[in-house]
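Pasted below: model_39.txt, compact mmCIF, C-alpha atoms.
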```txt
# COMPACT_ATOMS: atom_id res chain seq x y z
CA MET N 1 0.00 0.00 0.00
CA GLU N 2 1.43 3.30 -1.03
CA ILE N 3 1.45 6.34 1.18
CA GLY N 4 0.35 9.18 -1.03
CA LEU N 5 -0.41 12.85 -0.73
CA THR N 6 -3.91 12.16 0.57
CA HIS N 7 -2.62 10.43 3.69
CA PHE N 8 -0.64 13.48 4.75
CA LEU N 9 -3.52 15.79 3.86
CA VAL N 10 -5.86 13.77 6.08
CA ILE N 11 -3.43 14.11 8.98
CA SER N 12 -3.21 17.83 8.36
CA VAL N 13 -7.01 18.19 8.27
CA VAL N 14 -7.49 16.21 11.47
CA LEU N 15 -4.89 18.27 13.34
CA PHE N 16 -6.47 21.46 12.00
CA THR N 17 -9.91 20.57 13.34
CA PHE N 18 -8.46 19.54 16.71
CA GLY N 19 -6.69 22.88 16.96
CA THR N 20 -9.84 24.77 16.02
CA ALA N 21 -11.92 22.82 18.54
CA MET N 22 -9.37 23.57 21.26
CA ILE N 23 -9.43 27.29 20.50
CA VAL N 24 -13.22 27.38 20.58
CA THR N 25 -13.88 25.30 23.68
CA ARG N 26 -11.07 26.11 26.07
CA ARG N 27 -11.27 28.71 28.81
CA ASN N 28 -7.66 28.82 29.82
CA ALA N 29 -5.66 31.22 27.65
CA VAL N 30 -2.63 28.91 27.60
CA MET N 31 -4.85 26.08 26.34
CA VAL N 32 -6.03 28.35 23.54
CA LEU N 33 -2.38 28.94 22.63
CA MET N 34 -1.78 25.20 22.53
CA GLY N 35 -4.65 24.84 20.08
CA LEU N 36 -3.07 27.57 18.00
CA GLU N 37 0.19 25.63 17.89
CA LEU N 38 -1.68 22.55 16.66
CA LEU N 39 -3.23 24.70 13.93
CA LEU N 40 0.15 25.96 12.76
CA ASN N 41 1.59 22.45 12.76
CA ALA N 42 -1.24 21.27 10.56
CA ALA N 43 -0.50 24.06 8.09
CA GLY N 44 3.19 23.14 8.10
CA ILE N 45 2.47 19.49 7.33
CA ASN N 46 0.24 20.64 4.48
CA PHE N 47 2.97 22.82 3.01
CA VAL N 48 5.68 20.19 3.18
CA ALA N 49 3.41 17.46 1.82
CA PHE N 50 2.52 19.53 -1.23
CA SER N 51 6.14 20.51 -1.66
CA ARG N 52 7.14 16.86 -1.66
CA PHE N 53 4.45 15.63 -4.01
CA THR N 54 4.60 18.39 -6.59
CA PRO N 55 6.80 17.72 -9.58
CA ALA N 56 9.47 20.23 -10.36
CA VAL N 57 8.09 22.66 -12.89
CA SER N 58 10.45 23.35 -15.75
CA GLY N 59 10.84 26.91 -16.87
CA HIS N 60 11.51 28.36 -13.45
CA THR N 61 14.48 30.61 -13.18
CA ASN N 62 15.62 28.67 -10.15
CA PRO N 63 15.44 24.88 -10.57
CA LEU N 64 15.05 24.50 -6.80
CA ASN N 65 11.73 26.29 -6.64
CA HIS N 66 9.80 23.11 -5.91
CA LEU N 67 11.19 23.53 -2.40
CA SER N 68 9.08 26.62 -1.81
CA GLY N 69 6.67 24.66 0.41
CA ASP N 70 9.61 23.69 2.61
CA ILE N 71 10.71 27.30 2.90
CA THR N 72 7.18 28.34 3.80
CA ALA N 73 6.99 25.67 6.51
CA LEU N 74 10.28 26.97 7.89
CA PHE N 75 8.89 30.49 8.05
CA VAL N 76 5.71 29.17 9.67
CA ILE N 77 7.87 27.70 12.45
CA VAL N 78 9.73 31.00 12.87
CA LEU N 79 6.53 33.04 12.99
CA ALA N 80 4.95 30.60 15.43
CA ALA N 81 7.87 31.14 17.79
CA ALA N 82 7.53 34.92 17.57
CA GLU N 83 3.79 34.92 18.14
CA ALA N 84 4.05 32.42 21.00
CA ALA N 85 6.47 34.77 22.76
CA VAL N 86 4.23 37.81 22.29
CA ALA N 87 1.05 35.90 23.16
CA LEU N 88 2.53 34.57 26.38
CA ALA N 89 3.74 38.04 27.32
CA ILE N 90 0.19 39.29 26.86
CA VAL N 91 -1.15 36.38 28.94
CA LEU N 92 1.28 37.25 31.73
CA ASN N 93 0.20 40.88 31.59
CA ILE N 94 -3.45 39.84 31.76
CA TYR N 95 -2.69 37.65 34.74
CA ASN N 96 -0.92 40.49 36.51
CA THR N 97 -3.84 42.83 35.86
CA PHE N 98 -6.96 40.71 36.23
CA ASN N 99 -5.53 37.93 38.44
CA THR N 100 -7.09 35.31 36.18
CA ILE N 101 -6.48 33.93 32.70
CA ASP N 102 -10.00 32.71 32.10
CA VAL N 103 -10.82 34.12 28.67
CA ASP N 104 -14.47 34.44 29.62
CA GLU N 105 -13.76 36.69 32.56
CA VAL N 106 -11.28 38.98 30.89
CA ASP N 107 -13.86 41.15 29.21
CA ALA N 108 -12.99 44.71 30.26
CA LEU N 109 -10.94 47.01 28.10
CA ARG N 110 -9.82 49.07 31.05
CA GLU N 111 -7.97 48.07 34.18
CA MET G 112 29.58 16.04 8.95
CA PHE G 113 25.92 16.21 9.78
CA GLU G 114 24.95 15.95 6.17
CA SER G 115 26.77 12.65 5.80
CA ALA G 116 25.11 11.33 8.94
CA ILE G 117 21.70 12.39 7.68
CA SER G 118 22.29 10.86 4.28
CA LEU G 119 23.52 7.67 5.92
CA GLY G 120 20.43 7.51 8.09
CA SER G 121 17.97 8.18 5.31
CA GLY G 122 19.91 5.91 2.98
CA GLY G 123 19.71 3.15 5.54
CA LEU G 124 16.01 3.66 5.96
CA GLY G 125 15.59 3.68 2.20
CA LEU G 126 17.52 0.45 1.90
CA LEU G 127 15.37 -1.17 4.54
CA ALA G 128 12.22 0.05 2.86
CA SER G 129 13.18 -1.12 -0.59
CA ALA G 130 14.36 -4.43 0.78
CA GLU G 131 10.89 -5.01 2.17
CA SER G 132 9.04 -4.11 -1.00
CA GLY G 133 11.42 -5.61 -3.49
CA GLY G 134 12.63 -2.47 -5.22
CA GLY G 135 9.42 -0.42 -5.31
CA SER G 136 9.26 3.33 -5.01
CA TRP G 137 10.27 5.05 -1.84
CA ASN G 138 6.85 5.27 -0.31
CA SER G 139 5.57 1.75 -0.63
CA GLY G 140 7.95 -0.23 1.55
CA GLY G 141 6.52 -1.98 4.59
CA LEU G 142 8.79 -0.18 7.00
CA TYR G 143 7.84 3.20 5.54
CA VAL G 144 4.12 2.44 5.90
CA LEU G 145 4.64 1.25 9.46
CA ALA G 146 6.65 4.32 10.34
CA PHE G 147 4.02 6.56 8.76
CA TYR G 148 1.20 5.05 10.79
CA LEU G 149 3.26 5.16 13.96
CA PHE G 150 4.07 8.85 13.58
CA ALA G 151 0.54 9.61 12.43
CA ALA G 152 -0.82 7.98 15.58
CA LEU G 153 1.72 9.89 17.67
CA ALA G 154 0.55 13.13 16.08
CA VAL G 155 -3.21 12.57 16.13
CA VAL G 156 -3.98 10.56 19.28
CA PRO G 157 -2.65 13.18 21.75
CA GLY G 158 -4.79 15.67 19.83
CA ILE G 159 -7.90 13.66 20.68
CA PHE G 160 -6.98 13.62 24.35
CA LEU G 161 -6.09 17.32 24.29
CA LEU G 162 -9.77 18.07 23.80
CA MET G 163 -10.68 16.17 26.93
CA VAL G 164 -8.08 16.81 29.62
CA ARG G 165 -8.69 19.31 32.39
CA ASP G 166 -5.13 19.68 33.59
CA VAL G 167 -3.00 22.24 31.78
CA VAL G 168 0.29 20.47 32.45
CA ARG G 169 -1.06 17.22 31.04
CA ALA G 170 -2.21 19.13 27.99
CA ALA G 171 1.31 20.50 27.55
CA PHE G 172 2.81 17.02 27.56
CA LEU G 173 0.18 15.74 25.15
CA LEU G 174 1.14 18.63 22.90
CA LEU G 175 4.74 17.44 23.19
CA GLY G 176 3.68 14.06 21.84
CA SER G 177 1.76 15.64 18.99
CA LEU G 178 4.68 17.89 18.00
CA SER G 179 7.04 14.90 18.02
CA GLY G 180 4.67 13.03 15.72
CA VAL G 181 4.58 15.97 13.34
CA ALA G 182 8.39 16.10 13.36
CA GLY G 183 8.48 12.42 12.45
CA LEU G 184 6.04 13.06 9.60
CA TYR G 185 8.29 15.86 8.32
CA ALA G 186 11.21 13.42 8.32
CA LEU G 187 9.13 10.81 6.47
CA LEU G 188 8.31 13.39 3.82
CA GLY G 189 12.02 13.86 3.26
CA ALA G 190 12.34 17.28 4.86
CA GLU G 191 14.88 16.34 7.51
CA PHE G 192 16.06 19.87 8.14
CA ILE G 193 12.52 20.97 8.88
CA ALA G 194 12.05 17.97 11.19
CA PHE G 195 15.09 19.04 13.18
CA ALA G 196 13.97 22.66 13.17
CA GLN G 197 10.57 21.55 14.43
CA VAL G 198 12.11 19.63 17.33
CA LEU G 199 14.49 22.44 18.23
CA VAL G 200 12.12 25.37 17.89
CA TYR G 201 8.70 23.96 18.67
CA ILE G 202 9.50 21.40 21.33
CA GLY G 203 12.65 22.99 22.68
CA GLY G 204 11.42 26.58 22.52
CA ILE G 205 7.70 27.12 22.21
CA LEU G 206 6.64 24.24 24.42
CA ILE G 207 9.05 25.30 27.16
CA LEU G 208 7.67 28.82 26.83
CA LEU G 209 4.12 27.48 27.20
CA LEU G 210 5.17 25.55 30.29
CA PHE G 211 6.66 28.72 31.74
CA GLY G 212 3.38 30.44 31.04
CA VAL G 213 1.51 27.66 32.83
CA MET G 214 3.90 27.86 35.76
CA LEU G 215 3.67 31.62 36.14
CA THR G 216 -0.09 31.92 35.84
CA ASN G 217 -1.55 29.49 38.31
CA ARG G 218 -2.02 30.66 41.83
CA GLU G 219 -5.24 28.72 42.23
CA PRO G 220 -5.56 24.95 41.94
CA ILE G 221 -4.68 23.78 38.47
CA LEU G 222 -7.81 21.72 38.00
CA LEU G 223 -10.06 24.75 37.94
CA HIS G 224 -8.25 26.35 35.02
CA GLY G 225 -8.56 23.60 32.48
CA ALA G 226 -12.27 22.92 32.46
CA PRO G 227 -13.92 23.70 29.14
CA THR G 228 -16.84 26.07 29.11
CA HIS G 229 -20.08 24.18 29.33
CA GLN G 230 -21.90 26.55 27.03
CA LEU G 231 -19.31 26.19 24.32
CA VAL G 232 -18.63 22.45 24.34
CA LEU G 233 -21.53 21.54 22.08
CA PRO G 234 -20.97 24.32 19.51
CA GLY G 235 -17.28 23.47 19.51
CA VAL G 236 -17.98 19.81 18.85
CA ILE G 237 -20.45 20.66 16.10
CA VAL G 238 -18.05 23.10 14.44
CA GLY G 239 -15.24 20.57 14.70
CA ALA G 240 -17.26 17.70 13.31
CA VAL G 241 -18.68 19.68 10.41
CA SER G 242 -15.34 21.13 9.41
CA LEU G 243 -13.67 17.73 9.80
CA VAL G 244 -16.18 16.03 7.51
CA GLY G 245 -16.02 18.81 4.95
CA LEU G 246 -12.25 19.07 4.85
CA LEU G 247 -11.82 15.29 4.77
CA TYR G 248 -14.17 15.13 1.81
CA VAL G 249 -12.18 17.78 -0.03
CA ALA G 250 -8.84 16.19 0.85
CA THR G 251 -9.76 12.68 -0.24
CA SER G 252 -12.10 13.17 -3.17
CA TYR G 253 -10.23 15.79 -5.14
CA SER G 254 -7.72 14.37 -7.56
CA TRP G 255 -4.57 16.16 -6.68
CA GLN G 256 -1.95 16.44 -9.36
CA ALA G 257 0.38 14.50 -7.14
CA ALA G 258 3.53 13.10 -8.62
CA PRO G 259 6.16 12.16 -6.08
CA ILE G 260 9.59 13.25 -7.11
CA ASP G 261 11.61 10.19 -7.85
CA SER G 262 14.24 8.65 -5.70
CA ALA G 263 16.86 11.08 -6.95
CA ARG G 264 15.35 13.45 -4.35
CA ILE G 265 16.40 16.54 -6.20
CA GLY G 266 17.38 19.27 -3.91
CA TYR G 267 16.07 17.98 -0.59
CA SER G 268 18.92 19.01 1.62
CA ALA G 269 19.78 21.71 4.07
CA LYS G 270 22.31 23.05 1.60
CA ASN G 271 19.69 23.74 -1.03
CA LEU G 272 17.30 25.20 1.53
CA GLY G 273 20.05 27.55 2.60
CA PHE G 274 20.77 28.43 -0.99
CA LEU G 275 17.11 29.27 -1.59
CA LEU G 276 16.97 31.32 1.58
CA MET G 277 19.89 33.38 0.42
CA THR G 278 18.81 33.90 -3.19
CA ASP G 279 15.07 33.72 -3.81
CA TYR G 280 13.77 34.13 -0.29
CA VAL G 281 16.25 36.57 1.14
CA LEU G 282 13.61 39.25 1.63
CA PRO G 283 11.30 37.08 3.79
CA PHE G 284 14.40 35.90 5.61
CA GLU G 285 15.46 39.42 6.54
CA ILE G 286 11.93 40.44 7.41
CA ALA G 287 11.56 37.36 9.61
CA SER G 288 14.74 38.17 11.49
CA VAL G 289 13.62 41.77 12.09
CA LEU G 290 10.23 40.46 13.16
CA LEU G 291 11.83 38.08 15.65
CA LEU G 292 13.87 40.92 17.12
CA VAL G 293 10.84 43.18 17.40
CA ALA G 294 8.68 40.38 18.83
CA LEU G 295 11.17 39.49 21.53
CA ILE G 296 11.77 43.09 22.54
CA GLY G 297 8.03 43.70 22.55
CA ALA G 298 7.34 40.57 24.58
CA ALA G 299 9.95 41.56 27.14
CA MET G 300 8.43 45.01 27.37
CA ILE G 301 4.85 43.80 27.65
CA ALA G 302 5.60 41.28 30.35
CA ARG G 303 7.74 43.44 32.56
CA ARG G 304 6.71 44.03 36.13
CA LYS G 305 4.93 47.26 36.69
CA GLY G 306 6.23 49.61 39.32
CA LEU G 307 9.89 48.83 38.88
CA THR G 308 10.32 51.53 36.29
CA GLN G 309 9.34 54.92 37.53
CA GLU G 310 8.30 57.48 34.99
CA PRO G 311 10.25 60.68 35.26
CA GLU G 312 8.21 63.43 36.87
```
Represent the supplied structure as structure tokens.
Amino acid sequence: MEIGLTHFLVISVVLFTFGTAMIVTRRNAVMVLMGLELLLNAAGINFVAFSRFTPAVSGHTNPLNHLSGDITALFVIVLAAAEAAVALAIVLNIYNTFNTIDVDEVDALRE
Amino acid sequence: MFESAISLGSGGLGLLASAESGGGSWNSGGLYVLAFYLFAALAVVPGIFLLMVRDVVRAAFLLLGSLSGVAGLYALLGAEFIAFAQVLVYIGGILILLLFGVMLTNREPILLHGAPTHQLVLPGVIVGAVSLVGLLYVATSYSWQAAPIDSARIGYSAKNLGFLLMTDYVLPFEIASVLLLVALIGAAMIARRKGLTQEPE
């Protein structure tokens, strides 16, 4: 049995829906961030799977351009690190201000 | 040095795979299929439990399992550099950061913080199920123009990724480095303790 593109796409879709469900149903802000990380991982798997299963298109100026999905997945990892740092800084600030990180209770725009 | 080790490792795996299947393509060997299902289970099964746990620390370790499974899937797709980057950055950086966030933000008992909202569990499940069915239908029924690049594996190495980053993708590379700098400075500024810095009168 051959593992094709569809197998990796199914994994990506399943991880995507788990991440979305975590973001929607969780009250703890850190849990929401974990769902976000699952979401970004699903996107990365999608990128690399398409990059692997797409034939190299002739006529490109750079013959290595079929690796563009890999490059995008790399940048997704970098951006996920940056936004995790900023998001956790915001969560810490919220905790210092409101004394809770329940996303349902943090509903005031002023201190 | 690392490149030879990586090529030895993947060459060994390829030899094992082709030995099982009798010279088929790279993705039909028995060992490859077994490894795929193992890493797929490692990626997906903690995701199922993540929706059900109440404890934040347990959720963090389930996320660790899921990220390791995704790293294994990257390696099975041939992108070894991205698999290593995933382990280093996601597991070694972001997950540790999340654990620090968990550690610094619980003064009350941990169990209270993880419970999902009762009003939102049913809509969340419905949204998840509908989107899962829809996306699975699209992913499996559409005939992708999928042609796996042959065993020559043109260009799948860290050297070629680095070459692309320096020639075609140098602008996103520079922007990403500036963004990382700005994000880290901003995060340090947002999370600083109030009251330690006095504004000048």
Distance filter 6 Å, all atoms listed in the file, chain N against chain G, as a PyMOL selection string: chain N and resi 1-3+6+17+21+24-28+53-55+81-82+86+89+93
Keeping C-alpha atoms, export the residues of the selection given above as an mmCIF file, in the coordinates of the input.
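Generated file (again14.cif):
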```cif
data_model
loop_
_atom_site.group_PDB
_atom_site.id
_atom_site.type_symbol
_atom_site.label_atom_id
_atom_site.label_comp_id
_atom_site.auth_asym_id
_atom_site.auth_seq_id
_atom_site.Cartn_x
_atom_site.Cartn_y
_atom_site.Cartn_z
ATOM 1 C CA MET N 1 0.000 0.000 0.000
ATOM 2 C CA GLU N 2 1.430 3.300 -1.030
ATOM 3 C CA ILE N 3 1.450 6.340 1.180
ATOM 4 C CA THR N 6 -3.910 12.160 0.570
ATOM 5 C CA THR N 17 -9.910 20.570 13.340
ATOM 6 C CA ALA N 21 -11.920 22.820 18.540
ATOM 7 C CA VAL N 24 -13.220 27.380 20.580
ATOM 8 C CA THR N 25 -13.880 25.300 23.680
ATOM 9 C CA ARG N 26 -11.070 26.110 26.070
ATOM 10 C CA ARG N 27 -11.270 28.710 28.810
ATOM 11 C CA ASN N 28 -7.660 28.820 29.820
ATOM 12 C CA PHE N 53 4.450 15.630 -4.010
ATOM 13 C CA THR N 54 4.600 18.390 -6.590
ATOM 14 C CA PRO N 55 6.800 17.720 -9.580
ATOM 15 C CA ALA N 81 7.870 31.140 17.790
ATOM 16 C CA ALA N 82 7.530 34.920 17.570
ATOM 17 C CA VAL N 86 4.230 37.810 22.290
ATOM 18 C CA ALA N 89 3.740 38.040 27.320
ATOM 19 C CA ASN N 93 0.200 40.880 31.590
#
```
Counting only C-alpha atoms, the residue of N:Val13, N:Leu38, N:Gly44, N:Gly4 that sits nearest Val78 in chain N: N:Gly44
Between CA of Ala42 in chain N and CA of Leu199 in chain G - distance in Å to one decimal: 17.5 Å
One-decimal distance in Å that lies between CA of Leu92 in chain N and CA of Asn41 in chain N: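 A separation of 24.1 Å between them.
Atom pair CA of Val106 in chain N / CA of Ala80 in chain N: separated by 23.9 Å.
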